[in-house]
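Right, one structure below, let's go through it.
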Amino acid sequence: PQIEASIWERSYEIMGDEKWISEGGGRSFLQRIKIFDKLKIIDLVEPLMFALNPQRIKDTTCYHLIVENKTTFDALAEVLPETGFLTLIYGAGKCFLNSITQLERQLNMPHVQHLLYYFGDLDLEGINIWYVLDKRRQARLALPFYQALLRKNFHQGKENQRKDNKAYEKFCACFSAADQQAIENLFASQGYYPQEALSIQELQDIGRTTCWKNI
């Protein structure tokens with residue numbers, strides 16, 4: 001082919017089955033006979049899922065909050081127009097890590113500066129997700145949410161999660177000395193905080209009352 005196409009379009013052209021390459025063993029077959037790289041297949045990234053705040057459309061610097069879980073997304077989406085964020089992005093765990101590259105493309109606001117904030121579960125997996133994101137494009141921690149979690153009693157669990165020392169150290173460095181000690185005590189006790197440890201009211205109050213440009 002002379003023109004690039006998605007994997008599904010090319011699969012349909014070859015076999016009359018749009019899923020043959022991606023799900024029917026076609027990729028491995030085409031690679032085995034050294035044809036796959038010649039087919040000009042482009043990888044399409046999944047769309048980024050977000051809610052939009054029309055109140056912030058005209059801002060020259062736009063703030064975006066990424067949240068890991070659906071419960072948190074639903075709670076904050078209700079008050080998004082009352083916050084300083086242009087978008088509230090649903091992370092779906094770590095599913096957004098590839099689709100975050102679509103943010104500017106989907107917004108079509110080329111002359112605007114975009115700043116990312118992240119709030120996930122306060123466990124090793126949540127820390128690792130933020131660390132991967134921050135390496136790809138800078139993302140601030142949405143500290144007021146984490147600070148509110150640290151004022152609550154934690155639960156034990158998730159002992160099988162992997163600790164990335166670099167991720168853990170960079171995450172802790174964003175907090176005050178007192179909060180760093182609280183985080184250290186949390187993981188020493190094999191504890192964690194899900195985002196759901198904050199009530200809907202608490203999430204909404206933090207989202208509305210925080211001056212995010214100062215975080």
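Here, A, B, ... name the chains of the structure tokens in the order displayed, residue numbers run from 1 inside each chain, and ligands are numbered from 1 in the same displayed order.
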
| said: Taking 6 positions as the minimum chain separation for residues in the same chain, which residues sit within 9 Å of region 199-214 of chain A when counting only C-alpha atoms? Answer as number ranges by chain. | reply: A: 63, 71-72, 74-85, 117, 142, 144-145, 148

Write out as a tab-separated table the residues of region 78-129 of chain A that have any atom within 8 Å of an atom of region 40-48 of chain A, one row each with the nearest atom pair and its distance in Å to one decimal, counting only C-alpha atoms, sorted by chain and then rising number.
residue	atom	partner	partner_atom	distance
A:Ile89	CA	A:Leu48	CA	7.5
A:Tyr90	CA	A:Leu48	CA	8.0
A:Phe96	CA	A:Leu48	CA	6.7
A:Asn98	CA	A:Val45	CA	6.7
A:Ser99	CA	A:Leu48	CA	5.1
A:Ile100	CA	A:Leu48	CA	6.1
A:Gln102	CA	A:Leu48	CA	6.3
A:Leu103	CA	A:Leu48	CA	6.7
A:Gln106	CA	A:Leu48	CA	7.9

Selected residues written out, N, CA, C and O atoms, as a tab-separated table (two decimals), in the first residue's frame:
chain	number	residue	atom	x	y	z
A	89	ILE	N	-10.34	14.57	33.77
A	89	ILE	CA	-9.99	13.43	32.93
A	89	ILE	C	-10.16	12.13	33.71
A	89	ILE	O	-9.66	12.01	34.84
A	90	TYR	N	-10.85	11.18	33.11
A	90	TYR	CA	-11.05	9.87	33.74
A	90	TYR	C	-9.88	8.97	33.37
A	90	TYR	O	-9.72	8.59	32.21
A	96	PHE	N	-5.30	5.64	30.76
A	96	PHE	CA	-5.15	6.94	30.11
A	96	PHE	C	-3.73	7.26	29.70
A	96	PHE	O	-3.49	8.24	28.97
A	98	ASN	N	-1.58	6.27	27.60
A	98	ASN	CA	-1.34	6.46	26.17
A	98	ASN	C	-2.24	7.54	25.59
A	98	ASN	O	-1.80	8.37	24.81
A	99	SER	N	-3.50	7.55	25.99
A	99	SER	CA	-4.45	8.49	25.39
A	99	SER	C	-4.25	9.92	25.86
A	99	SER	O	-4.80	10.85	25.25
A	100	ILE	N	-3.47	10.15	26.92
A	100	ILE	CA	-3.23	11.53	27.36
A	100	ILE	C	-2.54	12.32	26.26
A	100	ILE	O	-2.64	13.55	26.22
A	102	GLN	N	-3.53	12.61	23.44
A	102	GLN	CA	-4.60	13.15	22.59
A	102	GLN	C	-5.23	14.42	23.16
A	102	GLN	O	-6.12	15.01	22.52
A	103	LEU	N	-4.78	14.87	24.33
A	103	LEU	CA	-5.44	16.00	24.99
A	103	LEU	C	-5.52	17.23	24.11
A	103	LEU	O	-6.60	17.77	23.85
A	106	GLN	N	-7.67	16.74	20.90
A	106	GLN	CA	-9.11	16.71	21.10
A	106	GLN	C	-9.67	18.08	21.49
A	106	GLN	O	-10.82	18.39	21.17

| task | Apply DSSP to the structure's backbone, then extract all residues of region 15-145 of chain A labelled helix (DSSP H, G or I) and return them as a PyMOL selection string. | result | chain A and resi 15+20-23+26-32+36-38+54-56+70-77+80-82+96-107+124-136+143-145

| message | To one decimal place in Å, what is the distance between CA of Lys135 (chain A) and CA of Val67 (chain A)? | response | 17.4 Å

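Between Gly25 (chain A) and the candidates A:Ala177, A:Gln195, A:Leu150, A:Ser11, the tightest atom-to-atom separation, counting only C-alpha atoms, involves A:Ser11.
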
| note | Using only C-alpha atoms, the residue out of A:Ile215, A:Ile127, A:Ala178, A:Ile21 with shortest distance to Leu115 (chain A) is A:Ile215

| Running DSSP on the backbone, which parts of region 87-182 of chain A land in strand (DSSP E or B), as a VMD selection string? | chain A and resid 87 to 90 113 to 119 122 139 to 141 155 to 156

| task | Do a neighbour search on Asp37 (chain A) at 12 Å with only C-alpha atoms, toss out local chain neighbours closer than 6 positions, and write the hits as a ChimeraX atom specification. | result | /A:1,4,7,27-31

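Using only C-alpha atoms, the shortest contact distance between Asp121 (chain A) and any of A:Gly191, A:Pro54, A:Gly26, A:Gly16 is found at A:Gly191.
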
| task | Could you please determine the separation between CA of Asp164 (chain A) and CA of Leu141 (chain A) in Å, to one decimal place? | result | 17.3 Å

| field | Atomic distance CA of His114 (chain A) - CA of His64 (chain A), expressed in Å with one decimal | value | 7.3 Å

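Nearest to Cys174 (chain A) of all the residues A:Gln55, A:Gln113, A:Gln147, A:Ser22 is A:Gln147, counting only C-alpha atoms.
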
Near Phe187 (chain A), counting only C-alpha atoms, which residues have an atom at most 9 Å away, once you skip same-chain residues fewer than 4 positions from it, shown as a PDB file with N, CA, C and O atoms, in the first residue's frame?
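This is the output file selection-v5.pdb:
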ATOM      1  N   ASP A 123      -1.590   4.345  47.091  1.00  0.00           N
ATOM      2  CA  ASP A 123      -0.975   3.032  47.235  1.00  0.00           C
ATOM      3  C   ASP A 123       0.172   2.969  46.234  1.00  0.00           C
ATOM      4  O   ASP A 123       0.403   3.914  45.471  1.00  0.00           O
ATOM      5  N   LEU A 124       0.921   1.883  46.236  1.00  0.00           N
ATOM      6  CA  LEU A 124       2.101   1.816  45.380  1.00  0.00           C
ATOM      7  C   LEU A 124       1.749   1.858  43.900  1.00  0.00           C
ATOM      8  O   LEU A 124       2.476   2.455  43.097  1.00  0.00           O
ATOM      9  N   ALA A 182       4.109  10.573  57.527  1.00  0.00           N
ATOM     10  CA  ALA A 182       2.823   9.875  57.532  1.00  0.00           C
ATOM     11  C   ALA A 182       2.767   8.837  56.409  1.00  0.00           C
ATOM     12  O   ALA A 182       2.248   7.729  56.590  1.00  0.00           O
ATOM     13  N   ILE A 183       3.306   9.194  55.245  1.00  0.00           N
ATOM     14  CA  ILE A 183       3.334   8.251  54.120  1.00  0.00           C
ATOM     15  C   ILE A 183       4.250   7.078  54.430  1.00  0.00           C
ATOM     16  O   ILE A 183       3.928   5.922  54.140  1.00  0.00           O
ATOM     17  N   GLY A 191      -0.362  -0.274  54.730  1.00  0.00           N
ATOM     18  CA  GLY A 191      -1.652   0.372  54.578  1.00  0.00           C
ATOM     19  C   GLY A 191      -1.793   1.048  53.226  1.00  0.00           C
ATOM     20  O   GLY A 191      -0.841   1.142  52.454  1.00  0.00           O
ATOM     21  N   TYR A 192      -2.987   1.508  52.941  1.00  0.00           N
ATOM     22  CA  TYR A 192      -3.252   2.253  51.715  1.00  0.00           C
ATOM     23  C   TYR A 192      -4.531   3.059  51.889  1.00  0.00           C
ATOM     24  O   TYR A 192      -5.335   2.810  52.789  1.00  0.00           O
TER      25      TYR A 192
END
